[in-house]
file run_14.csv (CSV, N, CA and C atoms)
chain,number,residue,atom,x,y,z
A,1,GLN,N,106.0,60.4,140.4
A,1,GLN,CA,106.2,59.1,140.0
A,1,GLN,C,105.3,58.8,138.7
A,2,VAL,N,106.0,58.3,137.7
A,2,VAL,CA,105.3,58.0,136.5
A,2,VAL,C,104.4,56.8,136.6
A,3,ARG,N,103.2,56.9,136.1
A,3,ARG,CA,102.2,55.8,136.1
A,3,ARG,C,101.4,55.8,134.9
A,4,LEU,N,101.2,54.6,134.3
A,4,LEU,CA,100.3,54.4,133.2
A,4,LEU,C,99.4,53.2,133.7
A,5,ALA,N,98.1,53.5,133.7
A,5,ALA,CA,97.1,52.5,134.2
A,5,ALA,C,96.1,52.2,133.2
A,6,GLU,N,96.2,51.0,132.6
A,6,GLU,CA,95.2,50.6,131.6
A,6,GLU,C,94.0,50.0,132.3
A,7,SER,N,92.9,50.1,131.6
A,7,SER,CA,91.6,49.5,132.0
A,7,SER,C,90.7,49.3,130.8
A,8,GLY,N,89.7,48.5,131.0
A,8,GLY,CA,88.7,48.3,129.9
A,8,GLY,C,88.9,46.9,129.2
A,9,GLY,N,89.9,46.2,129.6
A,9,GLY,CA,90.0,44.9,128.9
A,9,GLY,C,89.0,43.9,129.5
A,10,GLY,N,88.9,42.7,128.8
A,10,GLY,CA,88.0,41.7,129.3
A,10,GLY,C,87.7,40.7,128.2
A,11,PHE,N,86.6,40.0,128.3
A,11,PHE,CA,86.2,39.0,127.4
A,11,PHE,C,85.1,39.5,126.5
A,12,MET,N,85.2,39.2,125.2
A,12,MET,CA,84.2,39.6,124.3
A,12,MET,C,84.1,38.6,123.2
A,13,GLN,N,82.9,38.4,122.7
A,13,GLN,CA,82.6,37.6,121.5
A,13,GLN,C,83.1,38.2,120.3
A,14,PRO,N,83.4,37.4,119.3
A,14,PRO,CA,83.8,38.0,118.0
A,14,PRO,C,82.7,38.9,117.4
A,15,GLY,N,83.2,40.0,116.9
A,15,GLY,CA,82.2,41.1,116.4
A,15,GLY,C,81.9,42.1,117.4
A,16,GLY,N,82.2,41.9,118.6
A,16,GLY,CA,81.9,42.9,119.7
A,16,GLY,C,82.9,44.0,119.7
A,17,SER,N,82.7,44.8,120.7
A,17,SER,CA,83.6,46.0,120.9
A,17,SER,C,84.0,46.1,122.4
A,18,LEU,N,85.2,46.7,122.5
A,18,LEU,CA,85.8,47.1,123.8
A,18,LEU,C,86.4,48.4,123.7
A,19,ARG,N,86.5,49.1,124.8
A,19,ARG,CA,87.2,50.4,124.8
A,19,ARG,C,88.2,50.4,125.9
A,20,LEU,N,89.5,50.4,125.5
A,20,LEU,CA,90.6,50.5,126.5
A,20,LEU,C,90.9,51.9,126.8
A,21,SER,N,91.2,52.2,128.1
A,21,SER,CA,91.7,53.5,128.5
A,21,SER,C,93.0,53.3,129.2
A,22,CYS,N,93.8,54.4,129.1
A,22,CYS,CA,95.1,54.4,129.8
A,22,CYS,C,95.2,55.8,130.5
A,23,ALA,N,95.2,55.8,131.8
A,23,ALA,CA,95.3,57.0,132.5
A,23,ALA,C,96.8,57.2,132.9
A,24,ALA,N,97.3,58.4,132.6
A,24,ALA,CA,98.7,58.7,132.8
A,24,ALA,C,98.9,59.7,133.9
A,25,SER,N,100.0,59.6,134.6
A,25,SER,CA,100.4,60.6,135.6
A,25,SER,C,101.9,60.6,135.8
A,26,GLY,N,102.4,61.8,136.3
A,26,GLY,CA,103.8,61.8,136.6
A,26,GLY,C,104.7,62.3,135.5
A,27,PHE,N,104.1,62.7,134.4
A,27,PHE,CA,104.9,63.3,133.3
A,27,PHE,C,104.0,64.2,132.5
A,28,THR,N,104.6,65.0,131.6
A,28,THR,CA,103.9,65.9,130.8
A,28,THR,C,103.2,65.2,129.6
A,29,PHE,N,102.0,64.7,129.8
A,29,PHE,CA,101.3,63.8,128.9
A,29,PHE,C,101.3,64.4,127.5
A,30,SER,N,100.9,65.6,127.4
A,30,SER,CA,100.7,66.2,126.1
A,30,SER,C,101.9,66.2,125.2
A,31,ALA,N,103.1,66.1,125.8
A,31,ALA,CA,104.4,66.2,125.0
A,31,ALA,C,104.7,64.8,124.5
A,32,TYR,N,104.1,63.8,124.9
A,32,TYR,CA,104.5,62.4,124.5
A,32,TYR,C,103.6,61.8,123.4
A,33,VAL,N,104.3,61.1,122.6
A,33,VAL,CA,103.6,60.2,121.7
A,33,VAL,C,103.0,59.0,122.5
A,34,MET,N,101.8,58.7,122.3
A,34,MET,CA,101.2,57.6,123.0
A,34,MET,C,100.9,56.4,122.1
A,35,ASN,N,101.2,55.3,122.5
A,35,ASN,CA,101.1,54.0,121.7
A,35,ASN,C,100.3,53.0,122.5
A,36,TRP,N,99.6,52.1,121.7
A,36,TRP,CA,99.1,50.9,122.2
A,36,TRP,C,99.8,49.7,121.5
A,37,TYR,N,100.4,48.9,122.4
A,37,TYR,CA,101.0,47.6,121.9
A,37,TYR,C,100.1,46.5,122.4
A,38,ARG,N,100.4,45.3,121.8
A,38,ARG,CA,99.8,44.1,122.3
A,38,ARG,C,100.7,42.9,122.1
A,39,GLN,N,100.5,42.0,123.0
A,39,GLN,CA,101.4,40.8,122.9
A,39,GLN,C,100.5,39.5,123.1
A,40,ALA,N,100.4,38.7,122.1
A,40,ALA,CA,99.7,37.5,122.2
A,40,ALA,C,100.6,36.4,122.7
A,41,PRO,N,100.0,35.3,123.3
A,41,PRO,CA,100.9,34.2,123.8
A,41,PRO,C,101.8,33.7,122.7
A,42,GLY,N,103.1,33.6,123.0
A,42,GLY,CA,104.0,33.0,122.1
A,42,GLY,C,104.4,33.9,120.9
A,43,LYS,N,104.0,35.2,121.0
A,43,LYS,CA,104.3,36.1,119.9
A,43,LYS,C,105.1,37.3,120.5
A,44,GLU,N,105.7,38.1,119.6
A,44,GLU,CA,106.4,39.3,120.0
A,44,GLU,C,105.4,40.4,120.2
A,45,ARG,N,105.8,41.4,121.0
A,45,ARG,CA,105.0,42.5,121.3
A,45,ARG,C,104.9,43.3,119.9
A,46,GLU,N,103.7,43.8,119.7
A,46,GLU,CA,103.3,44.4,118.4
A,46,GLU,C,102.8,45.8,118.6
A,47,LEU,N,103.2,46.8,117.8
A,47,LEU,CA,102.7,48.1,117.9
A,47,LEU,C,101.3,48.1,117.2
A,48,VAL,N,100.3,48.5,117.8
A,48,VAL,CA,98.9,48.4,117.3
A,48,VAL,C,98.5,49.8,116.8
A,49,ALA,N,98.8,50.9,117.6
A,49,ALA,CA,98.3,52.2,117.2
A,49,ALA,C,99.1,53.2,117.9
A,50,THR,N,99.3,54.3,117.2
A,50,THR,CA,100.1,55.5,117.6
A,50,THR,C,99.4,56.8,117.5
A,51,ILE,N,99.5,57.7,118.4
A,51,ILE,CA,98.9,59.0,118.3
A,51,ILE,C,99.9,60.0,118.8
A,52,GLY,N,100.3,60.9,118.0
A,52,GLY,CA,101.2,62.0,118.3
A,52,GLY,C,100.9,63.1,117.3
A,53,GLY,N,101.9,63.4,116.5
A,53,GLY,CA,101.6,64.3,115.4
A,53,GLY,C,100.7,63.7,114.4
A,54,ARG,N,100.8,62.4,114.3
A,54,ARG,CA,100.0,61.6,113.3
A,54,ARG,C,99.4,60.5,114.1
A,55,ILE,N,98.5,59.8,113.4
A,55,ILE,CA,97.8,58.6,113.9
A,55,ILE,C,98.2,57.5,112.9
A,56,ASN,N,98.6,56.4,113.4
A,56,ASN,CA,99.0,55.3,112.6
A,56,ASN,C,98.5,54.0,113.2
A,57,TYR,N,98.2,53.0,112.4
A,57,TYR,CA,97.7,51.7,112.9
A,57,TYR,C,98.4,50.6,112.1
A,58,VAL,N,98.5,49.5,112.8
A,58,VAL,CA,99.0,48.3,112.1
A,58,VAL,C,97.9,47.9,111.2
A,59,ASP,N,98.3,47.3,110.0
A,59,ASP,CA,97.3,47.0,109.0
A,59,ASP,C,96.2,46.1,109.5
A,60,SER,N,96.4,45.2,110.4
A,60,SER,CA,95.4,44.2,110.8
A,60,SER,C,94.3,44.8,111.6
A,61,VAL,N,94.4,46.1,112.1
A,61,VAL,CA,93.4,46.7,112.8
A,61,VAL,C,92.8,47.9,112.1
A,62,LYS,N,93.3,48.3,111.0
A,62,LYS,CA,92.8,49.5,110.3
A,62,LYS,C,91.3,49.3,109.9
A,63,GLY,N,90.6,50.4,110.2
A,63,GLY,CA,89.1,50.3,110.0
A,63,GLY,C,88.3,49.7,111.1
A,64,ARG,N,89.0,49.1,112.1
A,64,ARG,CA,88.3,48.5,113.2
A,64,ARG,C,88.6,49.2,114.5
A,65,PHE,N,89.9,49.6,114.7
A,65,PHE,CA,90.3,50.2,115.9
A,65,PHE,C,90.5,51.7,115.7
A,66,THR,N,90.3,52.5,116.8
A,66,THR,CA,90.5,53.9,116.7
A,66,THR,C,91.2,54.4,118.0
A,67,ILE,N,92.3,55.0,117.8
A,67,ILE,CA,93.1,55.6,119.0
A,67,ILE,C,92.7,57.1,119.1
A,68,SER,N,92.6,57.5,120.3
A,68,SER,CA,92.3,58.9,120.6
A,68,SER,C,92.9,59.3,121.9
A,69,ARG,N,93.0,60.6,122.2
A,69,ARG,CA,93.6,61.0,123.4
A,69,ARG,C,92.9,62.3,123.9
A,70,ASP,N,92.9,62.4,125.2
A,70,ASP,CA,92.3,63.6,125.8
A,70,ASP,C,93.4,64.2,126.7
A,71,ASP,N,94.1,65.2,126.2
A,71,ASP,CA,95.3,65.8,127.0
A,71,ASP,C,94.8,66.4,128.3
A,72,ALA,N,93.6,66.9,128.3
A,72,ALA,CA,93.1,67.5,129.5
A,72,ALA,C,92.9,66.5,130.7
A,73,LYS,N,92.6,65.2,130.3
A,73,LYS,CA,92.4,64.2,131.2
A,73,LYS,C,93.7,63.3,131.3
A,74,ASN,N,94.7,63.6,130.6
A,74,ASN,CA,95.9,62.7,130.6
A,74,ASN,C,95.6,61.2,130.3
A,75,THR,N,94.7,61.0,129.3
A,75,THR,CA,94.2,59.7,129.0
A,75,THR,C,94.3,59.4,127.5
A,76,VAL,N,94.6,58.2,127.2
A,76,VAL,CA,94.6,57.8,125.8
A,76,VAL,C,93.6,56.6,125.7
A,77,TYR,N,92.9,56.5,124.6
A,77,TYR,CA,91.9,55.4,124.5
A,77,TYR,C,92.2,54.6,123.2
A,78,LEU,N,91.7,53.4,123.2
A,78,LEU,CA,91.7,52.5,122.1
A,78,LEU,C,90.3,51.9,122.0
A,79,GLN,N,89.5,52.4,121.0
A,79,GLN,CA,88.2,51.8,120.7
A,79,GLN,C,88.4,50.7,119.7
A,80,MET,N,88.0,49.5,120.2
A,80,MET,CA,88.2,48.3,119.3
A,80,MET,C,86.8,47.8,118.9
A,81,ASN,N,86.5,47.8,117.7
A,81,ASN,CA,85.3,47.3,117.1
A,81,ASN,C,85.5,46.1,116.3
A,82,SER,N,84.5,45.4,116.0
A,82,SER,CA,84.6,44.2,115.1
A,82,SER,C,85.7,43.3,115.5
A,83,LEU,N,85.7,43.0,116.8
A,83,LEU,CA,86.8,42.2,117.4
A,83,LEU,C,86.9,40.8,116.8
A,84,LYS,N,88.1,40.3,116.6
A,84,LYS,CA,88.4,39.0,116.1
A,84,LYS,C,89.1,38.2,117.1
A,85,PRO,N,89.1,36.9,117.0
A,85,PRO,CA,89.9,36.0,118.0
A,85,PRO,C,91.3,36.4,117.9
A,86,GLU,N,91.8,36.7,116.8
A,86,GLU,CA,93.3,37.1,116.6
A,86,GLU,C,93.6,38.4,117.3
A,87,ASP,N,92.6,39.1,117.8
A,87,ASP,CA,92.9,40.3,118.6
A,87,ASP,C,93.2,40.0,120.1
A,88,THR,N,93.1,38.7,120.4
A,88,THR,CA,93.3,38.3,121.8
A,88,THR,C,94.8,38.5,122.1
A,89,ALA,N,95.0,39.3,123.2
A,89,ALA,CA,96.4,39.6,123.6
A,89,ALA,C,96.3,40.4,124.9
A,90,VAL,N,97.5,40.6,125.5
A,90,VAL,CA,97.6,41.6,126.5
A,90,VAL,C,97.9,42.9,125.8
A,91,TYR,N,97.2,44.0,126.1
A,91,TYR,CA,97.3,45.3,125.5
A,91,TYR,C,98.0,46.2,126.5
A,92,TYR,N,99.1,46.9,126.0
A,92,TYR,CA,99.9,47.7,126.8
A,92,TYR,C,99.9,49.2,126.3
A,93,CYS,N,99.8,50.1,127.2
A,93,CYS,CA,99.9,51.5,126.9
A,93,CYS,C,101.4,51.9,127.1
A,94,ASN,N,101.8,52.7,126.1
A,94,ASN,CA,103.2,53.2,126.1
A,94,ASN,C,103.3,54.7,125.8
A,95,ALA,N,104.1,55.4,126.6
A,95,ALA,CA,104.4,56.8,126.3
A,95,ALA,C,105.8,57.0,126.0
A,96,ARG,N,106.1,57.7,124.9
A,96,ARG,CA,107.4,57.9,124.4
A,96,ARG,C,107.7,59.3,124.0
A,97,LEU,N,108.9,59.8,124.4
A,97,LEU,CA,109.3,61.1,124.0
A,97,LEU,C,110.8,61.0,123.7
A,98,ASP,N,111.1,61.4,122.5
A,98,ASP,CA,112.5,61.6,122.0
A,98,ASP,C,112.9,63.0,122.1
A,99,PHE,N,113.7,63.4,123.1
A,99,PHE,CA,114.0,64.8,123.3
A,99,PHE,C,115.5,65.0,123.2
A,100,PHE,N,116.0,65.7,122.2
A,100,PHE,CA,117.4,65.8,121.9
A,100,PHE,C,118.0,64.4,121.8
A,101,GLN,N,118.9,64.0,122.6
A,101,GLN,CA,119.5,62.7,122.5
A,101,GLN,C,119.1,61.8,123.6
A,102,ARG,N,117.9,62.1,124.2
A,102,ARG,CA,117.4,61.2,125.3
A,102,ARG,C,116.0,60.7,124.9
A,103,THR,N,115.8,59.5,125.3
A,103,THR,CA,114.5,58.9,125.1
A,103,THR,C,113.8,58.6,126.4
A,104,PHE,N,112.6,59.0,126.6
A,104,PHE,CA,111.8,58.7,127.7
A,104,PHE,C,110.7,57.7,127.3
A,105,ASP,N,110.6,56.6,128.0
A,105,ASP,CA,109.8,55.5,127.5
A,105,ASP,C,109.1,54.8,128.7
A,106,TYR,N,107.8,54.9,128.8
A,106,TYR,CA,107.1,54.4,130.0
A,106,TYR,C,106.0,53.4,129.5
A,107,TRP,N,105.8,52.4,130.4
A,107,TRP,CA,104.9,51.3,130.1
A,107,TRP,C,103.9,51.1,131.2
A,108,GLY,N,102.7,50.7,130.8
A,108,GLY,CA,101.7,50.3,131.8
A,108,GLY,C,101.9,48.8,132.0
A,109,GLN,N,101.0,48.3,132.9
A,109,GLN,CA,101.1,46.9,133.3
A,109,GLN,C,100.4,46.0,132.4
A,110,GLY,N,99.6,46.5,131.5
A,110,GLY,CA,98.8,45.7,130.5
A,110,GLY,C,97.4,45.3,131.0
A,111,THR,N,96.6,45.1,130.0
A,111,THR,CA,95.2,44.6,130.3
A,111,THR,C,94.9,43.5,129.3
A,112,GLN,N,94.3,42.5,129.8
A,112,GLN,CA,94.0,41.3,128.9
A,112,GLN,C,92.7,41.5,128.1
A,113,VAL,N,92.8,41.2,126.8
A,113,VAL,CA,91.7,41.2,126.0
A,113,VAL,C,91.6,39.8,125.4
A,114,THR,N,90.4,39.2,125.6
A,114,THR,CA,90.2,37.9,125.1
A,114,THR,C,88.9,37.9,124.2
A,115,VAL,N,89.1,37.5,123.0
A,115,VAL,CA,88.0,37.4,122.0
A,115,VAL,C,87.7,36.0,121.6
A,116,SER,N,86.6,35.5,122.0
A,116,SER,CA,86.3,34.1,121.8
A,116,SER,C,84.8,33.8,121.8
A,117,SER,N,84.4,32.8,121.0
A,117,SER,CA,83.0,32.5,121.0
A,117,SER,C,82.7,31.3,122.0
call {"tool": "encode", "arguments": {"input": "run_14.csv", "output": "structure tokens"}}
result
Amino acid sequence: QVRLAESGGGFMQPGGSLRLSCAASGFTFSAYVMNWYRQAPGKERELVATIGGRINYVDSVKGRFTISRDDAKNTVYLQMNSLKPEDTAVYYCNARLDFFQRTFDYWGQGTQVTVSS
């Protein structure tokens, strides 16, 4: 059974740091592109960071967030530094594999990040 379990969210003051983790099971983790998305209240879900053959970030987090993965532990991380109130959102872990003409797409349940003074 596929499972993505996020952890590490919480409340932080502006300028602080949080580290999100996403533990995966039930699929071949190393073969998948791993993504972190976020969704703020009243807004669409946004792709924040991707790690696969390349690493990419949305412009608003470049220089502040770092995505990494440990394939031995089947875990992907998002280190979030210099947090801003606009980073407040539910953060979701996503695993995606495009294989021939099939797409495998898995989601975690999300973890809340709140940045406020």
call {"tool": "closest_residue", "arguments": {"input": "run_14.csv", "among": "A:Asn35, A:Thr103, A:Asn74, A:Ser60", "to": "Ala23 of chain A", "atoms": "all atoms listed in the file"}}
result
A:Asn74
call {"tool": "atom_distance", "arguments": {"input": "run_14.csv", "atom1": "atom C of Met80 of chain A", "atom2": "atom N of Gly26 of chain A"}}
result
27.2 Å
call {"tool": "select_by_dssp", "arguments": {"input": "run_14.csv", "residues": "chain A", "states": "helix (DSSP H, G or I)", "output": "list of chain:residue names"}}
result
A:Phe29, A:Ser30, A:Ala31, A:Asp59, A:Ser60, A:Val61, A:Pro85, A:Glu86, A:Asp87
call {"tool": "residues_around", "arguments": {"input": "run_14.csv", "residues": "Gly9 of chain A", "least_positions_apart": "6", "cutoff": "7 Å", "atoms": "only C-alpha atoms", "output": "PDB file with N, CA and C atoms, keeping the file's coordinate frame"}}
result
ATOM      1  N   LEU A  18      85.200  46.700 122.500  1.00  0.00           N
ATOM      2  CA  LEU A  18      85.800  47.100 123.800  1.00  0.00           C
ATOM      3  C   LEU A  18      86.400  48.400 123.700  1.00  0.00           C
ATOM      4  N   LEU A  20      89.500  50.400 125.500  1.00  0.00           N
ATOM      5  CA  LEU A  20      90.600  50.500 126.500  1.00  0.00           C
ATOM      6  C   LEU A  20      90.900  51.900 126.800  1.00  0.00           C
ATOM      7  N   THR A 111      96.600  45.100 130.000  1.00  0.00           N
ATOM      8  CA  THR A 111      95.200  44.600 130.300  1.00  0.00           C
ATOM      9  C   THR A 111      94.900  43.500 129.300  1.00  0.00           C
ATOM     10  N   GLN A 112      94.300  42.500 129.800  1.00  0.00           N
ATOM     11  CA  GLN A 112      94.000  41.300 128.900  1.00  0.00           C
ATOM     12  C   GLN A 112      92.700  41.500 128.100  1.00  0.00           C
ATOM     13  N   VAL A 113      92.800  41.200 126.800  1.00  0.00           N
ATOM     14  CA  VAL A 113      91.700  41.200 126.000  1.00  0.00           C
ATOM     15  C   VAL A 113      91.600  39.800 125.400  1.00  0.00           C
TER      16      VAL A 113
END
call {"tool": "atom_distance", "arguments": {"input": "run_14.csv", "atom1": "atom CA of Leu83 of chain A", "atom2": "atom CA of Met12 of chain A"}}
result
7.8 Å
call {"tool": "closest_residue", "arguments": {"input": "run_14.csv", "among": "A:Thr75, A:Asp59, A:Asp70, A:Ile51", "to": "Ala24 of chain A", "atoms": "only N, CA and C atoms"}}
result
A:Thr75
call {"tool": "residues_around", "arguments": {"input": "run_14.csv", "residues": "Ser21 of chain A", "least_positions_apart": "2", "cutoff": "6 Å", "atoms": "only N, CA and C atoms", "output": "list of chain:residue names"}}
result
A:Ala5, A:Glu6, A:Ser7, A:Gly8, A:Arg19, A:Ala23, A:Val76, A:Tyr77, A:Leu78
call {"tool": "atom_distance", "arguments": {"input": "run_14.csv", "atom1": "atom CA of Phe99 of chain A", "atom2": "atom CA of Val2 of chain A"}}
result
17.2 Å
call {"tool": "select_by_dssp", "arguments": {"input": "run_14.csv", "residues": "chain A", "states": "strand (DSSP E or B)", "output": "PyMOL selection string"}}
result
chain A and resi 3-7+10-12+18-25+33-39+46-51+55-57+65-70+75-80+89-99+102-107+111-115
call {"tool": "decode", "arguments": {"input": "run_14.csv", "residues": "segment 5-64 of chain A", "atoms": "C-alpha atoms", "output": "compact mmCIF listing (two decimals), in the first residue's frame"}}
result
# COMPACT_ATOMS: atom_id res chain seq x y z
CA ALA A 5 3.51 10.71 5.56
CA GLU A 6 4.50 14.32 6.09
CA SER A 7 5.78 15.64 9.40
CA GLY A 8 7.55 18.68 10.78
CA GLY A 9 4.95 21.34 10.27
CA GLY A 10 3.91 23.75 12.97
CA PHE A 11 3.92 27.34 14.09
CA MET A 12 6.93 29.57 13.59
CA GLN A 13 7.69 33.26 13.85
CA PRO A 14 8.85 35.15 10.77
CA GLY A 15 12.53 34.57 10.11
CA GLY A 16 12.49 31.16 11.70
CA SER A 17 13.09 27.74 10.22
CA LEU A 18 11.21 24.48 9.89
CA ARG A 19 12.16 21.18 8.32
CA LEU A 20 9.46 19.09 6.71
CA SER A 21 9.92 15.38 6.16
CA CYS A 22 7.95 12.98 4.00
CA ALA A 23 8.39 9.28 4.61
CA ALA A 24 7.33 7.10 1.68
CA SER A 25 6.44 3.45 1.45
CA GLY A 26 4.75 1.05 -0.93
CA PHE A 27 6.52 2.06 -4.13
CA THR A 28 10.02 2.32 -5.60
CA PHE A 29 10.90 5.67 -4.10
CA SER A 30 14.16 6.19 -5.98
CA ALA A 31 12.39 6.01 -9.34
CA TYR A 32 10.02 8.85 -8.56
CA VAL A 33 10.29 12.59 -8.87
CA MET A 34 9.43 14.02 -5.47
CA ASN A 35 7.64 17.31 -5.07
CA TRP A 36 6.52 19.61 -2.31
CA TYR A 37 3.33 21.56 -2.97
CA ARG A 38 1.53 24.02 -0.74
CA GLN A 39 -1.96 25.42 -0.58
CA ALA A 40 -2.84 28.56 1.29
CA PRO A 41 -6.44 29.37 2.27
CA GLY A 42 -8.39 30.56 -0.74
CA LYS A 43 -5.54 29.87 -3.15
CA GLU A 44 -4.72 27.13 -5.62
CA ARG A 45 -2.22 24.44 -4.81
CA GLU A 46 1.28 25.59 -5.79
CA LEU A 47 4.37 23.57 -6.68
CA VAL A 48 7.11 24.72 -4.31
CA ALA A 49 10.07 22.43 -4.99
CA THR A 50 10.96 19.42 -7.11
CA ILE A 51 13.78 16.91 -6.88
CA GLY A 52 14.40 14.29 -9.51
CA GLY A 53 17.01 14.58 -12.21
CA ARG A 54 17.02 18.28 -11.41
CA ILE A 55 16.09 20.49 -8.50
CA ASN A 56 13.71 23.35 -9.07
CA TYR A 57 12.00 25.89 -6.86
CA VAL A 58 9.22 28.39 -7.26
CA ASP A 59 10.71 31.88 -7.38
CA SER A 60 9.20 32.94 -4.06
CA VAL A 61 11.24 30.38 -2.08
CA LYS A 62 14.53 30.42 -3.96
CA GLY A 63 17.43 31.01 -1.61
CA ARG A 64 15.29 30.20 1.44
